[in-house]
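**Student:** Once you've had a glance at the structure underneath, I'll fire off some questions.
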Amino acid sequence: MSTPFVNPLSIPVLGFCAFSGTGKTTLLKQLIPELNQRGLRLAVIKHAHHNFDVDIPGKDSYEMRKAGARQMLVASHVRWALMTEDARDGDPELVHLLKQIEADKVDIVLVEGFKKLTLPKIELHRAAHGKPFIYTQDDNILAIACCDDTELPSELRRLDLNNVAQIADFVMEYANSWQAPNPALPIATVDACTLGSDKNLSVSQGLAQILSHVAPVTEVEDIGLDALDNRVLARDSISPVDVPQQTNSAMDGYAFAYQDPLPASFDLVGEVLAGHQYSGTLKAGETVRIMTGAPVPAGADTVQPRELANEANAKVSFDGRIQQGQHVRLAGEDIGQGQVALTQATRLSAAEQGLLASLGLDRVTVYRRPTVAVFSTGDEVSQPGEALNPNCIYDSNRYTIKAMAKRLGCEVIDLGIIEDSESALEATLTKAAAQADVVISSGGVSVGDADYIKAVLARLGNIDFWRINMRPGRPLAFGKVGDSLFFGLPGNPVAVMVSFLQFVQPALRKLAGETNWQAPLFPAITDETLRSRTGRTEFIRGIYRLGNDGRLHVTTTGNQGSGMLSSMVKGNCLIIIGDDAEAVNAGETVFIQPFADLL
């Protein structure tokens, strides 16, 4: 029976499998130097079926390990070795072993043994041994290295077991063609679907449906640099100049014309300050003192830093290695005149404003801001700052929705708390649709809510009430009231924020002109086991941090109740568990969605 295997590295892993006595180790001892000569950097993992020691009894490292050190690292100026005591009943875990490899220092990992794992392998076979083939029980065999008297089906890749160069060719071919698989994101991208009578949707289906109904605004305006923050560019910004505009020095130093060999010293003939230039042309053997950002004189092509130069009596000598063209920024190397500096649909922030200013542009064309109208429903909701009515709660949802919409650059109209009556709701929706591109309410969209809400929405527009297979945030209403988009978000405070992040945010970004935006997701190691349920996407409030291993790690904020706003304050991300998983074990990789954009 095969055991599943998922390569945890960003480099290929290739196994060599065979029955004992076929010559795996002999082949690898010949193959490794052949591949090294071809420039392939190798790591090798060998499965030993017996107790072994790599220390010599009597040596300090051996004695300290035997004294009880679980890990013993021995290092010298030529190598280091880490020995770990890890007694277990079964075989060692290849995935764990692979994670110990410094993947940035090798190109491929060759594995001897572990033949039961579903990793790509070369099978070694000798007909004279009378052993059965492994490939008949293992679909992961890529090729079979065998002797001449071995009979194979024609569709199998055949290699000569005695031809090391041919096997090396295959390994090189595999290494060069290997591509890391795309990570399986917890929320897949799907096309908008026809719902029919089924109102149970996955997160992907709900998002696709919503985005299929969103058309970006078309109205534009020209505004100045200071007003550009968080606006969306309506046209490509074309650079009217080269950036940088002149070939200039990247540091304080000395500019000169490179020649090989360099003279022992150069004649100092002048100085160039930022904002000034050297009027002449440097000749061979001449140099000028130059400041960072100052134009490089005609005839010069190289700059040596001041700290690696010695100046005395109008002569300059240089220390250290010098490469032609070093520390020189060429005119237009960042952005050339006539090139696109920023593309249409770019959301502008401080960096983009600075770039536009560096081009000399003081006004650009942006899309108008979308307008969002927000209100809350329910007689149980009280206005903050007023006395809390019996059996009521303060309205928090309206404020989180408004704040997130403003962070997205929207104009916000606050319509307050609407009483539970058909006439009040109809008047509010009619007013909101006349003023706003998007109308957002919270509460009143769950199963069992007052029928008049659905009746009013049906009269004024076309609204679908969905049950999204997610937690938190199952109930969601979406459609149109008049010409305005309508979102009916759930009533629980955390569910409101999660629903906004997953559905309202993408819609508002597309409406504002950010047509290709996707939520940023990052892989992280979970430090605790996370529970979910197959068929439902789980959004868990989490806290991510940079671990000692240089990777992102994440833990939950604790209790995940839908009404616990404190969990959103404590957290800095959502941990997303896809609808195909029941649980994620501690130490496994999950995807997180940072709060940085909106919260």
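If you're wondering about the labels, chains in the structure tokens are A, B, ... by order shown, residues count from 1 in each chain, ligands from 1 in order shown.
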Please identify all polymer residues within 12 Å of Leu142 in chain A, counting only C-alpha atoms, omitting same-chain residues fewer than 5 positions from it, and present them as a list in words.
**Tutor:**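 In the requested form, the answer reads Leu14, Gly15, Phe16, Cys17, Thr118, Leu119, Pro120, Lys121, Ile122, Glu123, Leu124, Ile134, Tyr135, Glu155, Leu156, Arg157, Arg158, Leu159, Ile167, Phe170, Val171, Glu173 and Tyr174 of chain A.
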**Student:** Quick check for you: according to DSSP on this backbone, which residues of range 181-327 of chain A are classed as strand (DSSP E or B)? Reply as a ChimeraX atom specification.
**Tutor:** /A:200-201,220-224,232-233,237-238,243,248-249,253-256,266-272,281,286-290,295,298,302-305,309-312,315-318
**Student:** Return as JSON lines the residues of range 99-149 of chain A lying at most 12 Å from range 537-553 of chain A, together with the closest atom-to-atom pair for each and the distance in Å to one decimal, counting only C-alpha atoms, with rows in chain order and ascending residue number.
**Tutor:**
```
{"residue": "A:Lys99", "atom": "CA", "partner": "A:Asp549", "partner_atom": "CA", "distance": 11.0}
{"residue": "A:Gln100", "atom": "CA", "partner": "A:Asp549", "partner_atom": "CA", "distance": 11.0}
{"residue": "A:Glu102", "atom": "CA", "partner": "A:Asp549", "partner_atom": "CA", "distance": 11.8}
```
**Student:** Could you give me, as a list in words, the residues within 12 Å of Ala184 in chain A, counting only C-alpha atoms and dropping anything in the same chain fewer than 3 positions from it?
**Tutor:**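 With the cut-off at 12 Å, the set is Ala180, Pro181, Ile187, Ala188, Thr189, Leu521, Phe522, Pro523, Ile576, Ile577, Gly578, Asp579, Asp580, Ala581, Thr589, Val590 and Phe591 of chain A.
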**Student:** Save out the residues we just selected, C-alpha atoms, as a PDB file, in the first residue's frame.
**Tutor:**
```pdb
ATOM      1  CA  ALA A 180       6.649  23.545  -7.935  1.00  0.00           C
ATOM      2  CA  PRO A 181       2.899  22.869  -7.829  1.00  0.00           C
ATOM      3  CA  ILE A 187     -10.996  29.747  -1.615  1.00  0.00           C
ATOM      4  CA  ALA A 188     -10.869  28.681  -5.246  1.00  0.00           C
ATOM      5  CA  THR A 189     -11.704  31.013  -8.120  1.00  0.00           C
ATOM      6  CA  LEU A 521      -3.176  35.334   1.240  1.00  0.00           C
ATOM      7  CA  PHE A 522       0.064  34.135   2.820  1.00  0.00           C
ATOM      8  CA  PRO A 523       1.137  30.645   3.933  1.00  0.00           C
ATOM      9  CA  ILE A 576      -8.834  30.349   6.311  1.00  0.00           C
ATOM     10  CA  ILE A 577      -9.643  26.637   6.327  1.00  0.00           C
ATOM     11  CA  GLY A 578     -11.051  25.477   2.987  1.00  0.00           C
ATOM     12  CA  ASP A 579     -14.276  23.556   2.627  1.00  0.00           C
ATOM     13  CA  ASP A 580     -12.431  20.292   1.871  1.00  0.00           C
ATOM     14  CA  ALA A 581     -10.766  20.008   5.299  1.00  0.00           C
ATOM     15  CA  THR A 589       0.583  25.022   6.542  1.00  0.00           C
ATOM     16  CA  VAL A 590      -2.525  27.193   6.402  1.00  0.00           C
ATOM     17  CA  PHE A 591      -3.317  30.391   4.528  1.00  0.00           C
TER      18      PHE A 591
END
```
**Student:** Excluding Val316 in chain A and residues on its chain fewer than 6 positions from it, collect all residues at most 10 Å away from it, counting only C-alpha atoms, and give them as an MDAnalysis selection string.
**Tutor:** chainID A and resid 254 264:268 285:289 309:310
**Student:** Output the selection as a PDB file, in the first residue's frame - N, CA and C atoms for each residue.
**Tutor:**
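Dumped to again-v1.pdb:
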```pdb
ATOM      1  N   TYR A 254      34.351  58.738  -6.277  1.00  0.00           N
ATOM      2  CA  TYR A 254      35.166  59.298  -7.349  1.00  0.00           C
ATOM      3  C   TYR A 254      34.739  58.650  -8.662  1.00  0.00           C
ATOM      4  N   ALA A 264      47.932  53.213 -11.323  1.00  0.00           N
ATOM      5  CA  ALA A 264      48.180  53.205  -9.877  1.00  0.00           C
ATOM      6  C   ALA A 264      47.480  54.364  -9.190  1.00  0.00           C
ATOM      7  N   SER A 265      47.338  55.488  -9.900  1.00  0.00           N
ATOM      8  CA  SER A 265      46.631  56.637  -9.332  1.00  0.00           C
ATOM      9  C   SER A 265      46.008  57.450 -10.456  1.00  0.00           C
ATOM     10  N   PHE A 266      45.027  58.282 -10.071  1.00  0.00           N
ATOM     11  CA  PHE A 266      44.321  59.134 -11.021  1.00  0.00           C
ATOM     12  C   PHE A 266      44.579  60.593 -10.650  1.00  0.00           C
ATOM     13  N   ASP A 267      44.549  61.453 -11.676  1.00  0.00           N
ATOM     14  CA  ASP A 267      44.663  62.897 -11.443  1.00  0.00           C
ATOM     15  C   ASP A 267      43.285  63.441 -11.055  1.00  0.00           C
ATOM     16  N   LEU A 268      43.189  64.113  -9.891  1.00  0.00           N
ATOM     17  CA  LEU A 268      41.936  64.722  -9.454  1.00  0.00           C
ATOM     18  C   LEU A 268      41.774  66.056 -10.167  1.00  0.00           C
ATOM     19  N   GLY A 285      42.706  58.241 -16.941  1.00  0.00           N
ATOM     20  CA  GLY A 285      43.624  58.597 -15.859  1.00  0.00           C
ATOM     21  C   GLY A 285      43.172  59.787 -15.051  1.00  0.00           C
ATOM     22  N   GLU A 286      41.984  60.372 -15.381  1.00  0.00           N
ATOM     23  CA  GLU A 286      41.463  61.500 -14.619  1.00  0.00           C
ATOM     24  C   GLU A 286      40.244  61.054 -13.793  1.00  0.00           C
ATOM     25  N   THR A 287      40.016  61.750 -12.704  1.00  0.00           N
ATOM     26  CA  THR A 287      38.859  61.461 -11.856  1.00  0.00           C
ATOM     27  C   THR A 287      38.326  62.755 -11.264  1.00  0.00           C
ATOM     28  N   VAL A 288      37.046  62.721 -10.868  1.00  0.00           N
ATOM     29  CA  VAL A 288      36.448  63.849 -10.158  1.00  0.00           C
ATOM     30  C   VAL A 288      35.815  63.325  -8.882  1.00  0.00           C
ATOM     31  N   ARG A 289      35.864  64.157  -7.863  1.00  0.00           N
ATOM     32  CA  ARG A 289      35.127  63.849  -6.643  1.00  0.00           C
ATOM     33  C   ARG A 289      33.645  64.086  -6.938  1.00  0.00           C
ATOM     34  N   ALA A 309      38.948  54.885  -1.279  1.00  0.00           N
ATOM     35  CA  ALA A 309      39.835  55.738  -2.076  1.00  0.00           C
ATOM     36  C   ALA A 309      40.785  56.490  -1.157  1.00  0.00           C
ATOM     37  N   ASN A 310      41.934  56.827  -1.697  1.00  0.00           N
ATOM     38  CA  ASN A 310      42.955  57.578  -0.972  1.00  0.00           C
ATOM     39  C   ASN A 310      43.330  58.799  -1.802  1.00  0.00           C
TER      40      ASN A 310
END
```
